[in-house]
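Colleague: Following this line is entry_20.csv, made up of CSV, C-alpha atoms:
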```
chain,number,residue,atom,x,y,z
A,102,MET,CA,-29.7,-131.4,242.4
A,103,THR,CA,-28.9,-128.0,243.8
A,104,VAL,CA,-25.2,-128.6,243.2
A,105,VAL,CA,-26.0,-129.3,239.5
A,106,PHE,CA,-27.9,-126.1,239.2
A,107,VAL,CA,-25.2,-124.0,240.8
A,108,THR,CA,-22.5,-125.6,238.7
A,109,CYS,CA,-24.5,-125.0,235.5
A,110,ALA,CA,-25.2,-121.4,236.5
A,111,VAL,CA,-21.5,-120.8,237.1
A,112,ILE,CA,-20.5,-122.4,233.8
A,113,LEU,CA,-23.1,-120.4,231.9
A,114,THR,CA,-21.8,-117.2,233.6
A,115,VAL,CA,-18.3,-117.9,232.5
A,116,ALA,CA,-19.4,-118.7,229.0
A,117,VAL,CA,-21.3,-115.4,228.8
A,118,ALA,CA,-18.3,-113.5,230.1
A,119,LEU,CA,-16.1,-115.0,227.4
A,120,VAL,CA,-18.6,-114.3,224.7
A,121,LEU,CA,-19.0,-110.7,225.9
A,122,ARG,CA,-15.2,-110.3,225.6
A,123,ARG,CA,-15.6,-111.2,221.9
A,124,VAL,CA,-18.5,-108.7,221.7
A,125,GLU,CA,-16.1,-106.0,222.9
A,126,ILE,CA,-13.0,-106.8,220.9
A,127,GLY,CA,-14.7,-108.4,217.8
A,128,PRO,CA,-13.0,-106.7,214.9
A,129,SER,CA,-16.2,-106.5,212.8
A,130,ILE,CA,-19.9,-106.0,213.5
A,131,LEU,CA,-20.6,-109.5,212.2
A,132,ASP,CA,-18.3,-111.0,214.9
A,133,ARG,CA,-20.2,-109.0,217.5
A,134,VAL,CA,-23.5,-110.1,216.2
A,135,VAL,CA,-22.5,-113.8,216.2
A,136,ALA,CA,-21.3,-113.4,219.8
A,137,LEU,CA,-24.6,-111.7,220.7
A,138,ASP,CA,-26.4,-114.7,219.2
A,139,VAL,CA,-24.5,-116.9,221.6
A,140,VAL,CA,-25.5,-114.7,224.4
A,141,VAL,CA,-29.1,-115.1,223.5
A,142,SER,CA,-28.8,-118.9,223.3
A,143,THR,CA,-26.9,-119.0,226.6
A,144,PHE,CA,-29.7,-116.9,228.1
A,145,LEU,CA,-32.2,-119.4,226.8
A,146,ALA,CA,-30.2,-122.1,228.6
A,147,GLY,CA,-30.2,-119.9,231.8
A,148,VAL,CA,-34.0,-119.4,231.7
A,149,GLY,CA,-34.5,-123.1,231.2
A,150,LEU,CA,-32.2,-123.8,234.2
A,151,PHE,CA,-34.3,-121.4,236.2
A,152,VAL,CA,-37.5,-123.0,235.1
A,153,ALA,CA,-36.1,-126.4,236.3
A,154,TRP,CA,-34.8,-125.0,239.5
A,155,ALA,CA,-37.9,-123.1,240.6
A,156,GLY,CA,-40.5,-125.2,238.9
A,157,ARG,CA,-41.9,-122.1,237.2
A,158,THR,CA,-43.5,-123.8,234.2
A,159,ASP,CA,-45.3,-120.5,233.5
A,160,LEU,CA,-41.9,-119.2,232.1
A,161,VAL,CA,-41.8,-121.7,229.3
A,162,PRO,CA,-43.5,-119.2,226.9
A,163,VAL,CA,-40.5,-116.9,227.6
A,164,LEU,CA,-38.3,-119.6,226.0
A,165,ILE,CA,-40.6,-119.8,223.0
A,166,ALA,CA,-40.5,-116.0,222.5
A,167,LEU,CA,-36.7,-115.9,222.8
A,168,SER,CA,-36.2,-118.7,220.4
A,169,LEU,CA,-38.6,-117.1,217.9
A,170,VAL,CA,-37.1,-113.5,217.9
A,171,GLY,CA,-33.5,-114.3,218.8
A,172,PHE,CA,-32.5,-114.4,215.1
A,173,ILE,CA,-34.0,-111.1,214.1
A,174,GLY,CA,-31.1,-109.0,215.4
A,175,ALA,CA,-28.5,-111.0,213.6
A,176,VAL,CA,-30.4,-111.0,210.3
A,177,SER,CA,-31.1,-107.3,210.4
A,178,VAL,CA,-27.5,-106.4,211.3
A,179,ALA,CA,-26.1,-108.8,208.6
A,180,ARG,CA,-28.5,-107.2,206.0
A,181,PHE,CA,-26.9,-103.8,206.5
A,182,ALA,CA,-23.3,-104.9,207.2
A,183,ALA,CA,-21.0,-103.0,204.8
A,184,ALA,CA,-17.4,-103.6,203.7
A,185,GLU,CA,-15.1,-101.4,205.7
A,186,SER,CA,-11.4,-100.8,205.2
A,187,GLU,CA,-8.7,-101.7,207.8
A,188,ASP,CA,-8.5,-98.0,208.7
A,189,GLU,CA,-12.2,-97.7,209.5
A,190,ARG,CA,-12.2,-100.9,211.4
A,191,ARG,CA,-9.6,-100.1,214.0
A,192,ILE,CA,-10.3,-98.3,217.3
A,193,ILE,CA,-9.2,-94.7,217.1
A,194,SER,CA,-6.8,-93.3,219.7
A,195,ALA,CA,-7.8,-90.6,222.1
A,196,ASP,CA,-5.8,-88.0,220.1
A,197,GLU,CA,-7.5,-88.8,216.9
A,198,GLY,CA,-10.9,-88.7,218.7
A,199,ARG,CA,-10.1,-85.2,219.9
A,200,ARG,CA,-9.2,-84.1,216.4
A,201,GLY,CA,-12.5,-85.6,215.3
A,202,ARG,CA,-11.0,-87.4,212.3
A,203,ARG,CA,-9.4,-90.6,211.4
A,204,ARG,CA,-5.9,-90.4,210.3
A,205,GLY,CA,-4.9,-91.4,206.8
A,206,ARG,CA,-8.1,-90.6,205.0
A,207,GLY,CA,-7.7,-88.2,202.2
A,208,GLY,CA,-10.2,-85.4,202.3
A,209,GLY,CA,-11.6,-86.5,205.7
A,210,ARG,CA,-14.9,-87.5,204.2
A,211,ARG,CA,-16.0,-89.5,207.2
A,212,ARG,CA,-16.3,-87.9,210.6
A,213,VAL,CA,-16.1,-89.7,213.9
A,214,GLU,CA,-19.5,-89.7,215.5
A,215,GLY,CA,-20.0,-87.8,218.7
A,216,ASP,CA,-17.2,-85.3,218.4
A,217,ALA,CA,-18.5,-82.9,215.8
A,218,GLY,CA,-17.6,-79.8,217.8
A,219,GLU,CA,-13.9,-80.3,217.8
A,220,ALA,CA,-13.5,-81.3,214.1
A,221,GLY,CA,-10.2,-80.4,212.6
A,222,GLU,CA,-9.4,-76.9,211.7
A,223,GLY,CA,-10.1,-75.8,208.1
A,224,GLU,CA,-10.8,-79.3,206.9
A,225,ARG,CA,-14.6,-79.1,207.1
A,226,PRO,CA,-16.2,-79.3,203.8
B,241,MET,CA,-33.6,-146.8,242.2
B,242,SER,CA,-36.9,-145.0,241.7
B,243,VAL,CA,-38.1,-143.3,238.6
B,244,ALA,CA,-37.5,-139.9,240.2
B,245,ALA,CA,-33.9,-140.7,241.0
B,246,VAL,CA,-33.2,-141.9,237.4
B,247,ALA,CA,-34.9,-138.8,236.0
B,248,ASP,CA,-32.9,-136.6,238.3
B,249,VAL,CA,-29.6,-138.1,237.0
B,250,VAL,CA,-30.7,-137.9,233.4
B,251,SER,CA,-31.7,-134.2,233.7
B,252,ALA,CA,-28.6,-133.3,235.6
B,253,VAL,CA,-26.4,-134.8,232.8
B,254,CYS,CA,-28.4,-132.9,230.2
B,255,PHE,CA,-28.1,-129.6,232.1
B,256,LEU,CA,-24.4,-130.1,232.6
B,257,GLY,CA,-24.0,-131.0,228.9
B,258,ALA,CA,-25.9,-127.9,227.8
B,259,SER,CA,-23.9,-125.7,230.1
B,260,LEU,CA,-20.6,-127.2,228.9
B,261,LEU,CA,-21.6,-126.7,225.3
B,262,ALA,CA,-22.3,-123.0,226.1
B,263,LEU,CA,-18.8,-122.8,227.7
B,264,VAL,CA,-17.3,-124.4,224.6
B,265,ALA,CA,-19.0,-121.9,222.5
B,266,GLY,CA,-17.7,-119.1,224.7
B,267,ILE,CA,-14.1,-120.4,224.4
B,268,GLY,CA,-14.5,-120.9,220.6
B,269,VAL,CA,-16.0,-117.6,219.9
B,270,THR,CA,-13.3,-115.9,221.9
B,271,ARG,CA,-10.3,-117.8,220.4
B,272,PHE,CA,-11.2,-118.8,216.9
B,273,PRO,CA,-9.4,-116.7,214.2
B,274,ASP,CA,-12.1,-115.7,211.7
B,275,LEU,CA,-15.8,-115.2,211.3
B,276,LEU,CA,-16.7,-118.6,209.9
B,277,ALA,CA,-14.9,-120.4,212.6
B,278,ARG,CA,-16.6,-118.3,215.2
B,279,MET,CA,-20.0,-119.0,213.6
B,280,HIS,CA,-19.1,-122.7,213.8
B,281,ALA,CA,-18.5,-122.5,217.5
B,282,ALA,CA,-21.6,-120.4,218.0
B,283,THR,CA,-23.9,-123.0,216.7
B,284,LYS,CA,-23.1,-125.4,219.5
B,285,PRO,CA,-25.3,-124.0,222.2
B,286,GLN,CA,-27.9,-122.7,219.7
B,287,VAL,CA,-29.1,-126.1,218.6
B,288,LEU,CA,-27.4,-129.0,220.5
B,289,GLY,CA,-27.1,-127.2,223.8
B,290,LEU,CA,-30.7,-126.0,223.6
B,291,ALA,CA,-31.9,-129.5,222.7
B,292,LEU,CA,-30.0,-130.9,225.7
B,293,MET,CA,-31.5,-128.3,227.9
B,294,ILE,CA,-35.1,-129.0,226.6
B,295,VAL,CA,-34.7,-132.7,227.1
B,296,GLY,CA,-33.3,-132.2,230.6
B,297,LEU,CA,-36.2,-129.8,231.4
B,298,ALA,CA,-38.8,-132.2,230.1
B,299,VAL,CA,-37.3,-135.1,232.1
B,300,HIS,CA,-37.0,-132.9,235.2
B,301,LEU,CA,-40.5,-131.4,235.1
B,302,ARG,CA,-42.3,-134.6,233.9
B,303,ASP,CA,-45.3,-132.4,233.2
B,304,PRO,CA,-47.2,-133.4,230.0
B,305,ARG,CA,-48.7,-129.9,229.7
B,306,VAL,CA,-45.4,-128.2,229.0
B,307,LEU,CA,-44.0,-130.9,226.6
B,308,GLY,CA,-45.7,-129.3,223.6
B,309,ALA,CA,-44.3,-125.9,224.5
B,310,LEU,CA,-40.8,-127.3,225.0
B,311,ALA,CA,-40.9,-129.0,221.7
B,312,LEU,CA,-42.0,-125.7,220.1
B,313,VAL,CA,-39.0,-124.0,221.5
B,314,LEU,CA,-36.7,-126.5,219.9
B,315,VAL,CA,-38.6,-126.3,216.6
B,316,PHE,CA,-38.5,-122.5,216.5
B,317,GLN,CA,-34.8,-122.4,217.3
B,318,MET,CA,-34.0,-125.0,214.6
B,319,LEU,CA,-36.0,-123.0,212.1
B,320,THR,CA,-34.4,-119.6,212.9
B,321,ALA,CA,-30.8,-120.4,213.6
B,322,PRO,CA,-30.0,-121.4,210.0
B,323,VAL,CA,-31.6,-118.2,208.8
B,324,SER,CA,-29.4,-115.9,210.9
B,325,ALA,CA,-26.3,-118.1,210.1
B,326,HIS,CA,-27.0,-117.9,206.4
B,327,MET,CA,-27.4,-114.1,206.5
B,328,VAL,CA,-24.3,-113.5,208.6
B,329,GLY,CA,-22.2,-115.9,206.5
B,330,ARG,CA,-23.3,-114.3,203.3
B,331,ALA,CA,-22.7,-110.8,204.6
B,332,GLY,CA,-19.3,-112.0,205.9
B,333,TYR,CA,-18.3,-113.3,202.6
B,334,ARG,CA,-19.4,-110.2,200.7
B,335,THR,CA,-17.7,-107.8,203.0
B,336,GLY,CA,-14.4,-109.8,203.0
B,337,LYS,CA,-14.5,-111.2,206.5
B,338,VAL,CA,-13.7,-114.7,205.3
B,339,ARG,CA,-10.0,-115.5,205.5
B,340,SER,CA,-9.4,-117.6,202.4
B,341,ASP,CA,-6.0,-118.8,203.7
B,342,LEU,CA,-7.9,-120.8,206.4
B,343,LEU,CA,-10.3,-122.4,204.0
B,344,VAL,CA,-9.7,-125.9,202.7
B,345,VAL,CA,-12.2,-125.6,199.9
B,346,ASP,CA,-13.7,-122.3,198.6
B,347,GLU,CA,-16.1,-123.3,195.9
B,348,LEU,CA,-18.0,-120.1,196.0
B,349,THR,CA,-15.0,-118.0,195.0
B,350,LEU,CA,-14.1,-120.4,192.3
B,351,ASP,CA,-17.6,-120.5,190.9
B,352,SER,CA,-18.0,-116.8,191.0
B,353,GLU,CA,-14.7,-116.3,189.2
B,354,ALA,CA,-15.7,-118.8,186.6
B,355,ALA,CA,-19.1,-117.1,186.2
B,356,GLN,CA,-17.4,-113.8,185.7
B,357,ARG,CA,-15.0,-115.2,183.1
B,358,ARG,CA,-18.0,-116.7,181.4
B,359,ALA,CA,-19.9,-113.4,181.5
B,360,ARG,CA,-16.9,-111.6,180.0
B,361,ARG,CA,-16.7,-114.2,177.2
B,362,ILE,CA,-20.4,-113.7,176.4
B,363,ALA,CA,-20.0,-110.0,176.5
B,364,ALA,CA,-17.0,-110.3,174.1
B,365,GLY,CA,-19.2,-112.3,171.7
B,366,GLU,CA,-17.3,-115.6,172.1
B,367,PRO,CA,-19.2,-118.8,172.7
B,368,PRO,CA,-19.5,-119.6,176.5
B,369,ASP,CA,-17.6,-122.6,177.7
B,370,THR,CA,-20.3,-124.4,179.6
B,371,VAL,CA,-18.0,-127.1,181.2
B,372,GLU,CA,-15.7,-124.6,182.7
B,373,MET,CA,-17.4,-124.4,186.1
B,374,SER,CA,-17.2,-128.1,186.9
B,375,VAL,CA,-13.7,-128.4,185.6
B,376,VAL,CA,-12.5,-125.5,187.8
B,377,ARG,CA,-14.3,-127.0,190.8
B,378,GLU,CA,-12.6,-130.3,190.7
B,379,ALA,CA,-9.1,-128.9,190.3
B,380,PRO,CA,-8.1,-128.0,193.9
B,381,GLU,CA,-9.5,-131.2,195.5
B,382,PRO,CA,-6.8,-133.7,196.2
B,383,HIS,CA,-9.1,-136.4,197.6
B,384,GLY,CA,-11.5,-136.8,194.7
B,385,GLU,CA,-14.4,-137.2,197.2
B,386,GLU,CA,-16.8,-134.4,197.3
B,387,PRO,CA,-16.2,-132.7,200.7
B,388,GLU,CA,-18.8,-130.7,202.5
B,389,PRO,CA,-18.6,-127.0,201.9
B,390,GLU,CA,-16.8,-125.2,204.7
B,391,GLY,CA,-19.1,-123.9,207.5
B,392,ASP,CA,-21.9,-121.6,206.5
B,393,SER,CA,-20.5,-120.3,203.3
B,394,PRO,CA,-23.3,-118.6,201.4
B,395,GLU,CA,-24.7,-119.8,198.2
B,396,ALA,CA,-23.7,-118.2,195.0
B,397,GLY,CA,-26.6,-116.1,193.7
B,398,PRO,CA,-26.7,-114.1,190.6
B,399,GLU,CA,-26.1,-111.0,192.7
B,400,GLY,CA,-23.4,-112.6,194.8
B,401,LEU,CA,-20.8,-112.7,192.1
B,402,GLY,CA,-19.1,-109.5,193.0
B,403,ARG,CA,-17.8,-109.4,196.5
```
Please rewrite the model in this file as structure tokens.
Modeller:
Amino acid sequence: MTVVFVTCAVILTVAVALVLRRVEIGPSILDRVVALDVVVSTFLAGVGLFVAWAGRTDLVPVLIALSLVGFIGAVSVARFAAAESEDERRIISADEGRRGRRRGRGGGRRRVEGDAGEAGEGERP
Amino acid sequence: MSVAAVADVVSAVCFLGASLLALVAGIGVTRFPDLLARMHAATKPQVLGLALMIVGLAVHLRDPRVLGALALVLVFQMLTAPVSAHMVGRAGYRTGKVRSDLLVVDELTLDSEAAQRRARRIAAGEPPDTVEMSVVREAPEPHGEEPEPEGDSPEAGPEGLGR
């Protein structure tokens, strides 16, 4: 039985690693939130595996709590997801980050967060 | 073969199945091309994987006191997973994350376009064509059968007409 537990743990770890890759590269916030939902359900499976391995039946309420609140993150993110252009979606380069603006936006209405001090010269409204 | 040995085998199969479903979801979420396909892959460990894990856990523990709690886990997950899938799918459709070239049937777009045409006709003072929606819907289906709507496409609400 220990072999089964170790195998399952390894498989779950690989699954979470793959899903976390999607969290990182996911082109939109909705892709990321779907991937994070998969992380939650994989974590549920991991907790269940631990309960079975250690016989810790006192951890079953953890499973209940996770399955109850796991959807709130996805729902609240989806509620506020906004349409974004191709230009806003891409990851800015280091040079653009230094200049504090995304290229190709007329007027520079939107600023890149966290780099307010080095915003472009003379463009500030 | 004793009861314990049989239970061990059954729970081991369930655990391995649940883990493999999580792995399938990981591969699918990583490799599928658009949001709806990734959501489709993501539902595998959310419901079926969790059900397998719960069954395996119940068989492995064989403790009647936790059976109710384990059933509750499954009930809650089955209640909440569709909610988040609906919200994410609706937001994905409205923000243009759905790739229409990958869809076999896109009834929501057809219906919302028909409803917009109908609204324009009413606004122009012409009589609305009430049969238009069903006529438009049947046009792109080559099979004649009514196929299931693709994935988690959101329902057309009155406010869902404009993307």
Colleague: Do a neighbour search on A:Ala184 at 12 Å with only C-alpha atoms, toss out local chain neighbours closer than 5 positions, and write the hits as a list in words.
Modeller: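 The filter keeps Ser129, Ile130, Leu131, Ala179, Glu189 and Arg190 of chain A; Ala331, Gly332, Tyr333, Arg334, Thr335, Gly336, Lys337, Val338 and Arg403 of chain B.
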Colleague: Go ahead and write the residues just picked, C-alpha atoms, as a short mmCIF file (atom, residue, chain, number, x, y, z; two decimals), in the frame of the given file.
Modeller:
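Heads up, here's the output in again.cif:
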```cif
data_model
loop_
_atom_site.label_atom_id
_atom_site.label_comp_id
_atom_site.auth_asym_id
_atom_site.auth_seq_id
_atom_site.Cartn_x
_atom_site.Cartn_y
_atom_site.Cartn_z
CA SER A 129 -16.20 -106.50 212.80
CA ILE A 130 -19.90 -106.00 213.50
CA LEU A 131 -20.60 -109.50 212.20
CA ALA A 179 -26.10 -108.80 208.60
CA GLU A 189 -12.20 -97.70 209.50
CA ARG A 190 -12.20 -100.90 211.40
CA ALA B 331 -22.70 -110.80 204.60
CA GLY B 332 -19.30 -112.00 205.90
CA TYR B 333 -18.30 -113.30 202.60
CA ARG B 334 -19.40 -110.20 200.70
CA THR B 335 -17.70 -107.80 203.00
CA GLY B 336 -14.40 -109.80 203.00
CA LYS B 337 -14.50 -111.20 206.50
CA VAL B 338 -13.70 -114.70 205.30
CA ARG B 403 -17.80 -109.40 196.50
#
```
Colleague: Which of these, B:Ala364, B:Ser324, B:Leu343, B:Ser242, has the shortest distance to chain A once you count all atoms listed in the file?
Modeller: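 Among the listed residues, B:Ser324 lies closest to chain A.
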Colleague: Any idea which chain A residues end up within 7 Å of chain B if we count all atoms listed in the file, as a PyMOL selection string please?
Modeller: chain A and resi 105+109+112-113+115-117+119-120+122-123+131-132+135-136+139+142-143+146+149+153+161+164-165+168-169+172+175-176+179-180+182-184
Colleague: What is the atom CA of A:Val152-atom CA of B:Val295 distance in Å, reported with one decimal?
Modeller: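 Interatomic distance, atom CA of A:Val152 to atom CA of B:Val295: 12.9 Å.
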Colleague: To one decimal in Å, tell me the separation between atom CA of A:Val163 and atom CA of A:Phe144.
Modeller: 10.8 Å
Colleague: Please identify all polymer residues within 8 Å of A:Ala110, counting all atoms listed in the file, omitting same-chain residues fewer than 3 positions from it, and present them as an MDAnalysis selection string.
Modeller: (chainID A and resid 106:107 113:114 147 150) or (chainID B and resid 259)
Colleague: What does the distance between atom CA of A:Ser194 and atom CA of A:Arg133 come to in Å, to one decimal place?
Modeller: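 Atom CA of A:Arg133 lies at a distance of 20.8 Å from atom CA of A:Ser194.
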Colleague: With distances taken over only C-alpha atoms, which of A:Val124, A:Ala118, A:Ala155, A:Val111 is nearest to A:Asp138?
Modeller: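 Comparing A:Val124, A:Ala118, A:Ala155, A:Val111 against A:Asp138, the winner is A:Val124.
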